[in-house]
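Student: Okay, so here is target28.cif, and as you'll see once you scroll down, it has mmCIF, C-alpha atoms.
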```cif
data_entry
#
loop_
_atom_site.label_atom_id
_atom_site.label_comp_id
_atom_site.auth_asym_id
_atom_site.auth_seq_id
_atom_site.Cartn_x
_atom_site.Cartn_y
_atom_site.Cartn_z
CA MET A 389 -174.68 -227.81 43.21
CA SER A 390 -178.45 -227.49 43.49
CA THR A 391 -180.19 -224.24 42.73
CA ASP A 392 -183.79 -223.11 42.70
CA PHE A 393 -183.82 -221.14 39.47
CA SER A 394 -183.38 -221.95 35.82
CA ARG A 395 -180.09 -220.51 34.61
CA SER A 396 -181.21 -220.44 31.01
CA GLU A 397 -183.92 -217.90 31.89
CA VAL A 398 -181.44 -215.31 33.15
CA PRO A 399 -180.61 -212.73 30.45
CA GLU A 400 -176.96 -212.71 29.40
CA VAL A 401 -176.63 -209.01 30.25
CA VAL A 402 -177.66 -209.79 33.85
CA VAL A 403 -175.12 -212.63 34.03
CA SER A 404 -172.42 -210.27 32.79
CA ARG A 405 -173.15 -207.93 35.71
CA LEU A 406 -172.98 -210.63 38.40
CA PRO A 407 -169.18 -210.63 38.68
CA GLN A 408 -169.36 -206.86 39.21
CA TYR A 409 -171.86 -207.34 42.04
CA LEU A 410 -169.50 -209.91 43.52
CA ARG A 411 -166.56 -207.54 43.40
CA ILE A 412 -168.51 -204.68 44.99
CA LEU A 413 -169.94 -206.91 47.72
CA ASN A 414 -166.50 -208.30 48.53
CA ARG A 415 -165.26 -204.77 49.06
CA LEU A 416 -168.25 -203.88 51.27
CA MET A 417 -167.60 -207.03 53.33
CA GLU A 418 -163.93 -206.07 53.75
CA ASP A 419 -165.05 -202.62 54.93
CA GLY A 420 -167.27 -204.24 57.57
CA ILE A 421 -170.53 -203.14 55.91
CA THR A 422 -173.33 -205.65 56.52
CA VAL A 423 -176.35 -204.15 54.72
CA VAL A 424 -176.51 -202.40 51.35
CA SER A 425 -179.41 -200.75 49.52
CA SER A 426 -180.29 -201.12 45.84
CA GLN A 427 -179.65 -197.36 45.63
CA GLN A 428 -176.05 -197.82 46.83
CA LEU A 429 -175.44 -200.84 44.61
CA GLY A 430 -176.92 -198.92 41.67
CA GLU A 431 -174.54 -196.01 42.21
CA LYS A 432 -171.54 -198.32 42.27
CA LEU A 433 -172.64 -200.26 39.19
CA GLN A 434 -174.02 -197.23 37.40
CA VAL A 435 -177.44 -198.76 36.76
CA THR A 436 -180.80 -197.81 38.29
CA PRO A 437 -181.90 -199.19 41.70
CA ALA A 438 -184.90 -200.73 39.90
CA GLN A 439 -182.51 -202.61 37.61
CA ILE A 440 -180.57 -203.90 40.64
CA ARG A 441 -183.76 -205.22 42.23
CA LYS A 442 -184.77 -206.86 38.96
CA ASP A 443 -181.31 -208.43 38.43
CA LEU A 444 -181.22 -209.95 41.89
CA SER A 445 -184.82 -211.14 41.80
CA TYR A 446 -183.74 -213.87 39.35
CA PHE A 447 -181.78 -215.57 42.11
CA GLY A 448 -184.09 -215.41 45.11
CA ARG A 449 -185.16 -212.97 47.80
CA PHE A 450 -182.24 -211.30 49.54
CA GLY A 451 -183.68 -208.15 51.06
CA LYS A 452 -186.65 -206.78 52.86
CA GLN A 453 -188.53 -203.79 51.49
CA GLY A 454 -186.83 -200.65 52.77
CA ARG A 455 -184.16 -202.51 54.74
CA GLY A 456 -181.58 -203.27 52.09
CA TYR A 457 -179.72 -206.46 51.25
CA SER A 458 -177.63 -208.55 53.59
CA VAL A 459 -174.09 -208.30 52.17
CA HIS A 460 -173.16 -211.69 53.62
CA ASP A 461 -176.19 -213.56 52.23
CA LEU A 462 -176.00 -211.95 48.82
CA LEU A 463 -172.26 -212.59 48.55
CA ASP A 464 -172.70 -216.20 49.58
CA ARG A 465 -175.40 -216.76 46.98
CA LEU A 466 -173.52 -215.04 44.15
CA ARG A 467 -170.33 -216.99 44.92
CA GLN A 468 -172.33 -220.19 44.67
CA ILE A 469 -174.12 -219.12 41.48
CA LEU A 470 -170.93 -218.02 39.74
CA GLY A 471 -168.91 -221.00 40.86
CA VAL A 472 -166.20 -218.77 42.29
CA ASN A 473 -165.69 -220.94 45.32
CA ALA A 474 -164.20 -223.39 42.85
CA PHE A 475 -160.74 -223.34 41.33
CA TRP A 476 -160.42 -223.37 37.57
CA ASN A 477 -157.43 -224.61 35.67
CA VAL A 478 -156.66 -222.37 32.71
CA ALA A 479 -154.44 -222.78 29.63
CA VAL A 480 -152.88 -219.90 27.72
CA VAL A 481 -152.46 -220.50 23.98
CA GLY A 482 -149.91 -218.22 22.33
CA VAL A 483 -146.92 -216.87 24.25
CA GLY A 484 -145.92 -213.94 22.08
CA ARG A 485 -145.75 -210.46 23.59
CA LEU A 486 -149.43 -210.43 24.52
CA GLY A 487 -149.46 -214.01 25.82
CA ARG A 488 -146.47 -213.26 28.03
CA ALA A 489 -148.23 -210.21 29.47
CA ILE A 490 -151.26 -212.42 30.21
CA VAL A 491 -149.14 -215.08 31.91
CA ASN A 492 -147.62 -212.37 34.09
CA TYR A 493 -150.93 -210.65 34.88
CA PRO A 494 -151.31 -210.86 38.66
CA GLY A 495 -155.11 -210.65 38.73
CA PHE A 496 -156.16 -214.20 37.80
CA THR A 497 -154.97 -216.33 40.71
CA PRO A 498 -156.64 -214.41 43.58
CA ASP A 499 -160.01 -215.05 41.90
CA GLY A 500 -159.46 -218.79 41.51
CA PHE A 501 -158.20 -218.88 37.92
CA HIS A 502 -154.97 -220.86 37.88
CA LEU A 503 -152.85 -220.65 34.77
CA VAL A 504 -151.43 -224.16 34.65
CA ALA A 505 -150.17 -224.61 31.07
CA ALA A 506 -149.01 -222.59 28.06
CA PHE A 507 -149.04 -223.62 24.40
CA ASP A 508 -147.46 -222.34 21.23
CA VAL A 509 -146.65 -223.54 17.71
CA ASN A 510 -143.27 -221.81 17.59
CA LYS A 511 -140.50 -224.44 17.97
CA ASP A 512 -138.18 -221.80 19.44
CA VAL A 513 -140.35 -221.36 22.54
CA ILE A 514 -141.75 -224.89 22.97
CA GLY A 515 -140.10 -226.45 26.01
CA SER A 516 -139.05 -223.10 27.45
CA ASP A 517 -140.38 -221.47 30.61
CA VAL A 518 -142.66 -218.43 30.39
CA GLY A 519 -143.55 -216.84 33.71
CA GLY A 520 -143.15 -220.18 35.48
CA LEU A 521 -145.16 -222.18 32.92
CA MET A 522 -143.67 -224.79 30.62
CA VAL A 523 -144.59 -224.06 27.00
CA HIS A 524 -146.10 -227.13 25.30
CA SER A 525 -146.52 -227.83 21.63
CA LEU A 526 -150.11 -227.31 20.50
CA GLU A 527 -149.94 -230.91 19.27
CA ASN A 528 -150.07 -232.00 22.90
CA LEU A 529 -153.18 -229.96 23.64
CA ARG A 530 -155.56 -232.85 24.25
CA SER A 531 -153.30 -234.81 26.57
CA VAL A 532 -152.34 -231.77 28.66
CA VAL A 533 -155.95 -230.55 28.87
CA ASP A 534 -157.03 -233.98 30.11
CA GLU A 535 -154.13 -234.47 32.48
CA ARG A 536 -154.32 -231.02 34.08
CA LYS A 537 -158.15 -230.94 34.07
CA ILE A 538 -158.19 -227.65 32.16
CA SER A 539 -161.66 -226.22 31.59
CA ILE A 540 -160.89 -222.68 30.41
CA ALA A 541 -158.51 -221.35 27.74
CA ILE A 542 -157.11 -217.91 27.06
CA VAL A 543 -156.24 -217.37 23.39
CA ALA A 544 -153.56 -214.86 22.38
CA VAL A 545 -152.54 -216.00 18.90
CA PRO A 546 -152.45 -214.03 15.62
CA VAL A 547 -155.82 -213.31 13.98
CA SER A 548 -155.09 -215.74 11.13
CA ASP A 549 -154.68 -218.67 13.57
CA THR A 550 -157.43 -217.81 16.03
CA GLN A 551 -160.41 -219.68 14.59
CA GLU A 552 -158.36 -222.85 14.10
CA VAL A 553 -157.00 -222.71 17.66
CA VAL A 554 -160.51 -222.10 19.04
CA ASP A 555 -161.80 -225.11 17.06
CA GLN A 556 -159.02 -227.29 18.48
CA LEU A 557 -159.78 -226.15 22.02
CA VAL A 558 -163.47 -226.91 21.61
CA ALA A 559 -162.63 -230.33 20.14
CA CYS A 560 -160.58 -231.05 23.28
CA GLY A 561 -163.57 -230.28 25.52
CA ILE A 562 -162.87 -226.65 26.48
CA ARG A 563 -166.17 -224.85 27.02
CA ALA A 564 -165.04 -221.35 28.05
CA ILE A 565 -162.63 -219.26 25.99
CA LEU A 566 -161.26 -215.79 26.57
CA ASN A 567 -160.03 -214.46 23.22
CA TYR A 568 -157.57 -211.56 22.88
CA ALA A 569 -157.32 -211.61 19.07
CA PRO A 570 -159.25 -208.83 17.36
CA ILE A 571 -161.83 -211.10 15.72
CA ILE A 572 -165.00 -212.79 16.95
CA PRO A 573 -164.44 -216.54 16.52
CA HIS A 574 -167.38 -218.86 16.00
CA VAL A 575 -168.14 -221.54 18.55
CA ARG A 576 -170.88 -224.13 18.66
CA GLU A 577 -173.79 -223.82 21.05
CA GLY A 578 -172.87 -224.72 24.61
CA VAL A 579 -169.40 -223.17 24.35
CA ARG A 580 -168.89 -219.66 25.77
CA ILE A 581 -166.47 -217.13 24.38
CA ARG A 582 -165.60 -213.62 25.54
CA ASN A 583 -163.49 -211.23 23.51
CA ILE A 584 -161.08 -208.73 25.05
CA ASP A 585 -160.35 -205.99 22.60
CA PRO A 586 -159.18 -202.62 23.90
CA VAL A 587 -159.38 -201.04 20.43
CA LEU A 588 -163.12 -201.78 20.21
CA SER A 589 -163.55 -200.15 23.61
CA LEU A 590 -161.60 -197.09 22.48
CA GLN A 591 -163.59 -196.82 19.25
CA SER A 592 -166.88 -196.98 21.13
CA MET A 593 -165.73 -193.88 23.02
CA THR A 594 -164.47 -191.85 20.07
CA TYR A 595 -168.04 -192.08 18.83
CA TYR A 596 -169.02 -189.90 21.76
CA ILE A 597 -166.04 -187.56 21.59
CA ASN A 598 -166.97 -186.98 17.97
CA THR A 599 -170.49 -186.14 19.07
CA SER A 600 -169.70 -182.90 20.79
CA ASN A 601 -169.37 -181.01 17.52
CA ASP A 602 -172.69 -181.89 16.03
CA ASP A 603 -175.50 -182.15 18.52
CA MET B 658 -168.32 -183.20 10.95
CA SER B 659 -171.99 -182.92 10.03
CA THR B 660 -174.36 -185.82 10.41
CA ASP B 661 -178.05 -186.30 9.82
CA PHE B 662 -178.94 -188.24 12.96
CA SER B 663 -179.02 -187.48 16.65
CA ARG B 664 -176.25 -189.42 18.35
CA SER B 665 -177.93 -189.27 21.71
CA GLU B 666 -180.82 -191.36 20.39
CA VAL B 667 -178.63 -194.33 19.50
CA PRO B 668 -178.66 -196.98 22.27
CA GLU B 669 -175.27 -197.55 23.89
CA VAL B 670 -175.40 -201.27 23.06
CA VAL B 671 -175.70 -200.40 19.35
CA VAL B 672 -172.75 -198.00 19.62
CA SER B 673 -170.71 -200.73 21.27
CA ARG B 674 -171.29 -202.96 18.23
CA LEU B 675 -170.27 -200.35 15.64
CA PRO B 676 -166.51 -200.97 15.99
CA GLN B 677 -167.20 -204.67 15.39
CA TYR B 678 -169.10 -203.82 12.20
CA LEU B 679 -166.17 -201.70 11.15
CA ARG B 680 -163.69 -204.51 11.73
CA ILE B 681 -165.78 -207.03 9.80
CA LEU B 682 -166.38 -204.64 6.89
CA ASN B 683 -162.66 -203.83 6.69
CA ARG B 684 -161.94 -207.52 6.33
CA LEU B 685 -164.64 -207.96 3.64
CA MET B 686 -163.18 -204.98 1.77
CA GLU B 687 -159.68 -206.51 1.89
CA ASP B 688 -161.13 -209.75 0.55
CA GLY B 689 -162.61 -207.85 -2.41
CA ILE B 690 -166.22 -208.39 -1.32
CA THR B 691 -168.46 -205.49 -2.34
CA VAL B 692 -171.92 -206.45 -1.08
CA VAL B 693 -172.91 -208.11 2.20
CA SER B 694 -176.30 -209.26 3.51
CA SER B 695 -177.69 -208.70 6.99
CA GLN B 696 -177.71 -212.50 7.25
CA GLN B 697 -173.93 -212.64 6.65
CA LEU B 698 -173.21 -209.72 8.99
CA GLY B 699 -175.43 -211.34 11.62
CA GLU B 700 -173.49 -214.60 11.45
CA LYS B 701 -170.19 -212.81 11.88
CA LEU B 702 -171.45 -210.67 14.78
CA GLN B 703 -173.56 -213.44 16.28
CA VAL B 704 -176.74 -211.34 16.37
CA THR B 705 -179.92 -211.78 14.31
CA PRO B 706 -180.22 -210.30 10.79
CA ALA B 707 -183.20 -208.28 12.10
CA GLN B 708 -180.93 -206.77 14.77
CA ILE B 709 -178.36 -205.85 12.10
CA ARG B 710 -181.01 -204.04 10.05
CA LYS B 711 -182.25 -202.21 13.13
CA ASP B 712 -178.72 -201.22 14.23
CA LEU B 713 -177.83 -199.79 10.85
CA SER B 714 -181.16 -198.03 10.37
CA TYR B 715 -180.06 -195.48 12.98
CA PHE B 716 -177.45 -194.14 10.62
CA GLY B 717 -179.24 -193.96 7.28
CA ARG B 718 -180.23 -196.24 4.41
CA PHE B 719 -177.38 -198.39 3.16
CA GLY B 720 -179.03 -201.29 1.45
CA LYS B 721 -181.84 -202.22 -0.87
CA GLN B 722 -184.36 -204.85 0.13
CA GLY B 723 -182.99 -208.24 -0.90
CA ARG B 724 -179.77 -206.85 -2.38
CA GLY B 725 -177.60 -206.45 0.68
CA TYR B 726 -175.42 -203.59 1.83
CA SER B 727 -172.65 -201.89 -0.12
CA VAL B 728 -169.49 -202.69 1.85
CA HIS B 729 -167.82 -199.50 0.61
CA ASP B 730 -170.70 -197.16 1.52
CA LEU B 731 -171.30 -198.72 4.89
CA LEU B 732 -167.61 -198.68 5.76
CA ASP B 733 -167.30 -195.07 4.73
CA ARG B 734 -170.26 -194.04 6.84
CA LEU B 735 -169.15 -195.99 9.92
CA ARG B 736 -165.63 -194.59 9.70
CA GLN B 737 -167.11 -191.10 9.67
CA ILE B 738 -169.54 -191.83 12.51
CA LEU B 739 -166.89 -193.41 14.74
CA GLY B 740 -164.28 -190.80 13.99
CA VAL B 741 -161.76 -193.45 13.00
CA ASN B 742 -160.41 -191.45 10.12
CA ALA B 743 -158.98 -189.23 12.80
CA PHE B 744 -155.83 -189.79 14.88
CA TRP B 745 -156.15 -189.77 18.63
CA ASN B 746 -153.34 -188.99 21.04
CA VAL B 747 -153.43 -191.29 24.04
CA ALA B 748 -151.72 -191.18 27.45
CA VAL B 749 -150.95 -194.25 29.55
CA VAL B 750 -151.05 -193.68 33.31
CA GLY B 751 -149.20 -196.30 35.34
CA VAL B 752 -146.20 -198.16 33.92
CA GLY B 753 -146.04 -201.18 36.19
CA ARG B 754 -146.20 -204.67 34.68
CA LEU B 755 -149.63 -204.11 33.17
CA GLY B 756 -148.87 -200.58 31.93
CA ARG B 757 -145.73 -201.84 30.21
CA ALA B 758 -147.69 -204.58 28.46
CA ILE B 759 -150.16 -201.95 27.27
CA VAL B 760 -147.40 -199.66 25.97
CA ASN B 761 -145.98 -202.62 24.04
CA TYR B 762 -149.36 -203.80 22.69
CA PRO B 763 -149.09 -203.58 18.90
CA GLY B 764 -152.82 -203.17 18.20
CA PHE B 765 -153.42 -199.50 19.00
CA THR B 766 -151.46 -197.63 16.35
CA PRO B 767 -152.93 -199.29 13.22
CA ASP B 768 -156.36 -198.10 14.34
CA GLY B 769 -155.30 -194.50 14.85
CA PHE B 770 -154.64 -194.55 18.59
CA HIS B 771 -151.19 -193.10 19.20
CA LEU B 772 -149.66 -193.62 22.62
CA VAL B 773 -147.75 -190.38 23.02
CA ALA B 774 -147.03 -190.09 26.75
CA ALA B 775 -146.71 -192.23 29.87
CA PHE B 776 -147.17 -191.15 33.50
CA ASP B 777 -146.34 -192.62 36.87
CA VAL B 778 -145.94 -191.52 40.49
CA ASN B 779 -142.93 -193.75 41.16
CA LYS B 780 -139.78 -191.57 41.24
CA ASP B 781 -137.67 -194.58 40.14
CA VAL B 782 -139.34 -194.73 36.73
CA ILE B 783 -140.10 -191.02 36.11
CA GLY B 784 -137.73 -189.79 33.43
CA SER B 785 -137.02 -193.29 32.12
CA ASP B 786 -138.05 -194.73 28.78
CA VAL B 787 -140.79 -197.37 28.58
CA GLY B 788 -141.38 -198.82 25.13
CA GLY B 789 -140.18 -195.62 23.49
CA LEU B 790 -142.23 -193.30 25.71
CA MET B 791 -140.74 -190.93 28.27
CA VAL B 792 -142.35 -191.45 31.67
CA HIS B 793 -143.60 -188.17 33.13
CA SER B 794 -144.50 -187.35 36.71
CA LEU B 795 -148.25 -187.28 37.21
CA GLU B 796 -147.71 -183.74 38.50
CA ASN B 797 -147.09 -182.68 34.92
CA LEU B 798 -150.30 -184.23 33.64
CA ARG B 799 -152.06 -181.00 32.71
CA SER B 800 -149.17 -179.46 30.81
CA VAL B 801 -148.37 -182.64 28.86
CA VAL B 802 -152.06 -183.27 28.04
CA ASP B 803 -152.37 -179.71 26.69
CA GLU B 804 -149.07 -179.75 24.84
CA ARG B 805 -149.56 -183.15 23.18
CA LYS B 806 -153.29 -182.61 22.58
CA ILE B 807 -154.17 -185.83 24.40
CA SER B 808 -157.88 -186.67 24.40
CA ILE B 809 -157.88 -190.28 25.64
CA ALA B 810 -156.21 -191.92 28.63
CA ILE B 811 -155.51 -195.53 29.49
CA VAL B 812 -155.34 -196.14 33.25
CA ALA B 813 -153.30 -199.05 34.65
CA VAL B 814 -152.67 -198.03 38.27
CA PRO B 815 -153.46 -199.95 41.49
CA VAL B 816 -157.12 -200.09 42.55
CA SER B 817 -156.47 -197.79 45.50
CA ASP B 818 -155.21 -194.99 43.20
CA THR B 819 -157.63 -195.43 40.32
CA GLN B 820 -160.47 -193.08 41.28
CA GLU B 821 -158.04 -190.28 42.13
CA VAL B 822 -156.17 -190.68 38.84
CA VAL B 823 -159.44 -190.74 36.91
CA ASP B 824 -160.55 -187.54 38.67
CA GLN B 825 -157.26 -185.86 37.76
CA LEU B 826 -157.61 -186.92 34.12
CA VAL B 827 -161.16 -185.57 33.94
CA ALA B 828 -160.03 -182.31 35.58
CA CYS B 829 -157.40 -181.98 32.82
CA GLY B 830 -160.06 -182.27 30.10
CA ILE B 831 -159.80 -185.99 29.24
CA ARG B 832 -163.23 -187.23 28.15
CA ALA B 833 -162.53 -190.89 27.27
CA ILE B 834 -160.84 -193.30 29.67
CA LEU B 835 -159.96 -196.96 29.28
CA ASN B 836 -159.54 -198.42 32.77
CA TYR B 837 -157.66 -201.66 33.46
CA ALA B 838 -158.02 -201.61 37.26
CA PRO B 839 -160.62 -204.03 38.61
CA ILE B 840 -163.04 -201.36 39.84
CA ILE B 841 -165.65 -199.19 38.12
CA PRO B 842 -164.57 -195.57 38.68
CA HIS B 843 -167.15 -192.80 38.75
CA VAL B 844 -167.02 -190.07 36.12
CA ARG B 845 -169.28 -187.07 35.61
CA GLU B 846 -171.77 -186.94 32.77
CA GLY B 847 -170.15 -186.25 29.43
CA VAL B 848 -167.06 -188.34 30.24
CA ARG B 849 -166.90 -191.90 28.87
CA ILE B 850 -165.19 -194.77 30.59
CA ARG B 851 -164.72 -198.40 29.56
CA ASN B 852 -163.37 -201.07 31.87
CA ILE B 853 -161.15 -203.92 30.71
CA ASP B 854 -161.28 -206.72 33.23
CA PRO B 855 -160.47 -210.26 32.07
CA VAL B 856 -161.49 -211.75 35.43
CA LEU B 857 -165.04 -210.40 35.07
CA SER B 858 -165.18 -211.99 31.61
CA LEU B 859 -163.94 -215.32 32.99
CA GLN B 860 -166.44 -215.23 35.86
CA SER B 861 -169.32 -214.55 33.48
CA MET B 862 -168.39 -217.83 31.75
CA THR B 863 -167.95 -219.99 34.85
CA TYR B 864 -171.60 -219.18 35.50
CA TYR B 865 -172.43 -221.22 32.42
CA ILE B 866 -169.92 -224.02 33.05
CA ASN B 867 -171.52 -224.38 36.47
CA THR B 868 -174.91 -224.66 34.77
CA SER B 869 -174.35 -228.02 33.21
CA ASN B 870 -174.84 -229.92 36.46
CA ASP B 871 -178.17 -228.50 37.43
CA ASP B 872 -180.48 -227.84 34.51
#
```
Can the structure from this file be put into structure tokens for me?

Tutor:
Amino acid sequence: MSTDFSRSEVPEVVVSRLPQYLRILNRLMEDGITVVSSQQLGEKLQVTPAQIRKDLSYFGRFGKQGRGYSVHDLLDRLRQILGVNAFWNVAVVGVGRLGRAIVNYPGFTPDGFHLVAAFDVNKDVIGSDVGGLMVHSLENLRSVVDERKISIAIVAVPVSDTQEVVDQLVACGIRAILNYAPIIPHVREGVRIRNIDPVLSLQSMTYYINTSNDD
Amino acid sequence: MSTDFSRSEVPEVVVSRLPQYLRILNRLMEDGITVVSSQQLGEKLQVTPAQIRKDLSYFGRFGKQGRGYSVHDLLDRLRQILGVNAFWNVAVVGVGRLGRAIVNYPGFTPDGFHLVAAFDVNKDVIGSDVGGLMVHSLENLRSVVDERKISIAIVAVPVSDTQEVVDQLVACGIRAILNYAPIIPHVREGVRIRNIDPVLSLQSMTYYINTSNDD
């Protein structure tokens, strides 16, 4: 795919908002809306219209002053930039209670993320079927990753095993990891990791609930 | 609780890191480590040591130049600031597949978040038991929230119902909401909302995987 901007120059916080733009634009498209203003996008994303204009300016010129953005053009560009026209094969490592919930989560497939393999170290579950996926031994990680062309892994193993599992995934060529364990694993440069941790989200809100008593 | 800083002056991005500090310091404490440097904290959080010093400077003076931070003092202060010495009663709204996984998630209780009530609109599940919680009709939201002193809600309902459920929660006095539906609901000022959306996290990584071919 050829692009006319340097990805490395785009701040990570802008990148993290792009999927939200995509989601909002998809909904506008479904509703038959063809033009959207930075004001409207800002309201939906809860950032300022100026921030919207700055975010999108990294990727080209999509709108005319005072006339708003073309939903179709912007959507097309963001899909290309984010690689969401592609399909991604995803492995889930760890099929305990959390891993099983992840395997059964209905939201991945419609957005092109196909869960194609599950792994565990527990001999009792290896070889069994979890939500339609065969559970492999972690010892077979490399061969399954190669064979199924897996580029993304979701990790749902106990905290004590997480760093080691992440290291194994990286060694097998995985470059994008979604981690559900409540730690922040280390990865080498060039590998991306995102951490899903509902407790951290809750704690960042109790900070504000606590506030009301003292200022 | 009395504090000697103005919470409103602390940037939201700093607040969002505080629970991560807490988690790391708890682990250091368990490992018997009493002093930690901004360098070490920076490595664990994957931000610069200068950023660590700036973050913590909002909340007082915890370290001496060149001698590191007292793990005990810092932990104590962060616990107080984040209100994590307290217990919080939490309601789960929506007990479909995702809601059930949330109710069964073992990570909330150890950190003081007690799931005390579940709600749904589906007559088939109202009155039944999900993971030890009685499922109430959403019509009884206000009385149950008052009675059980619920201050936080977790929302796991379909996209089409999410904004309405969030509005009902806010109307009942809930000021912190963790939303699992793939939209960003609107809330009035003074109410906090966090969105958990694994697909957005995955898409923010495919951006970078896509990168490798073109710069």

Student: A:Val472, A:Leu466, A:Leu529, A:Ala569: which is nearest Leu859 in chain B, counting only C-alpha atoms?

Tutor: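 Looking at the shortest contact to Leu859 in chain B, the residue is A:Val472.
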
Student: Leaving out range 563-566 of chain A and any residue of its chain fewer than 5 positions from it, which residues lie within 8 Å of it when counting only C-alpha atoms, given as a list in words?

Tutor: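 Once the nearby chain positions are removed, what remains is Ser539, Ile540, Ala541, Ile542, Val543, Val554, Val558, Gly578, Val579, Arg580, Ile581, Arg582, Asn583 and Ile584 of chain A; Pro855, Ser858, Leu859, Met862, Thr863 and Ile866 of chain B.
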
Student: For the residues selected in the previous step, produce a file with C-alpha atoms as an mmCIF file, keeping the file's coordinate frame.

Tutor:
```cif
data_model
loop_
_atom_site.group_PDB
_atom_site.id
_atom_site.type_symbol
_atom_site.label_atom_id
_atom_site.label_comp_id
_atom_site.auth_asym_id
_atom_site.auth_seq_id
_atom_site.Cartn_x
_atom_site.Cartn_y
_atom_site.Cartn_z
ATOM 1 C CA SER A 539 -161.660 -226.220 31.590
ATOM 2 C CA ILE A 540 -160.890 -222.680 30.410
ATOM 3 C CA ALA A 541 -158.510 -221.350 27.740
ATOM 4 C CA ILE A 542 -157.110 -217.910 27.060
ATOM 5 C CA VAL A 543 -156.240 -217.370 23.390
ATOM 6 C CA VAL A 554 -160.510 -222.100 19.040
ATOM 7 C CA VAL A 558 -163.470 -226.910 21.610
ATOM 8 C CA GLY A 578 -172.870 -224.720 24.610
ATOM 9 C CA VAL A 579 -169.400 -223.170 24.350
ATOM 10 C CA ARG A 580 -168.890 -219.660 25.770
ATOM 11 C CA ILE A 581 -166.470 -217.130 24.380
ATOM 12 C CA ARG A 582 -165.600 -213.620 25.540
ATOM 13 C CA ASN A 583 -163.490 -211.230 23.510
ATOM 14 C CA ILE A 584 -161.080 -208.730 25.050
ATOM 15 C CA PRO B 855 -160.470 -210.260 32.070
ATOM 16 C CA SER B 858 -165.180 -211.990 31.610
ATOM 17 C CA LEU B 859 -163.940 -215.320 32.990
ATOM 18 C CA MET B 862 -168.390 -217.830 31.750
ATOM 19 C CA THR B 863 -167.950 -219.990 34.850
ATOM 20 C CA ILE B 866 -169.920 -224.020 33.050
#
```

Student: Please enumerate the residues selected by the PyMOL selection byres ((chain A) within 6 of (chain B)) when evaluated against the supplied file, formatted as number ranges by chain.

Tutor: A: 404, 407, 470, 489, 588, 592, 595

Student: Which residues, written as a count of residues only, have at least one atom at most 10 Å from Leu698 in chain B, with all atoms listed in the file counted and residues fewer than 2 positions away on the same chain left out?

Tutor: 18

Student: Figure out the distance between CA of Ser800 in chain B and CA of Val752 in chain B, please, to one decimal in Å.

Tutor: 19.2 Å

Student: Work out how far CA of Gln708 in chain B is from CA of Pro399 in chain A, in Å to one decimal.

Tutor: 16.8 Å

Student: Could you check the closest approach to Gly482 in chain A for each of A:Asn414, A:Ser516, A:Thr550, A:Ser445 and tell me which residue wins, using all atoms listed in the file?

Tutor: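 For Gly482 in chain A, the nearest of the candidates is A:Thr550.
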
Student: Identify, on the basis of only C-alpha atoms, every residue whose closest approach to Asn779 in chain B does not exceed 10 Å; exclude the query and any residue fewer than 3 positions from it along the same chain; express the result as a list in words.

Tutor: Gly751, Val752, Gly753, Phe776, Val782, Ile783, Val792, His793, Ser794 and Leu795 of chain B

Student: Could you check which of A:Val491, A:Val575, A:Gln551, A:Arg465 is closest to Ala505 in chain A, using only C-alpha atoms?

Tutor: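 Selected residue with least distance to Ala505 in chain A: A:Val491.
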
Student: Go ahead and fit an axis-aligned box to every listed atom of range 760-774 of chain B plus 4 Å each side, and pass me the centre and edge lengths in Å, one decimal, as lines of an AutoDock Vina configuration file.

Tutor:
```
center_x = -151.2
center_y = -196.9
center_z = 20.0
size_x = 18.4
size_y = 21.7
size_z = 21.5
```

Student: When you look at Ile807 in chain B with a cut-off of 6 Å (counting only C-alpha atoms), what residues show up, excluding the ones that are within fewer than 4 positions of it in the same chain? I need them as number ranges by chain.

Tutor: B: 746-747, 802
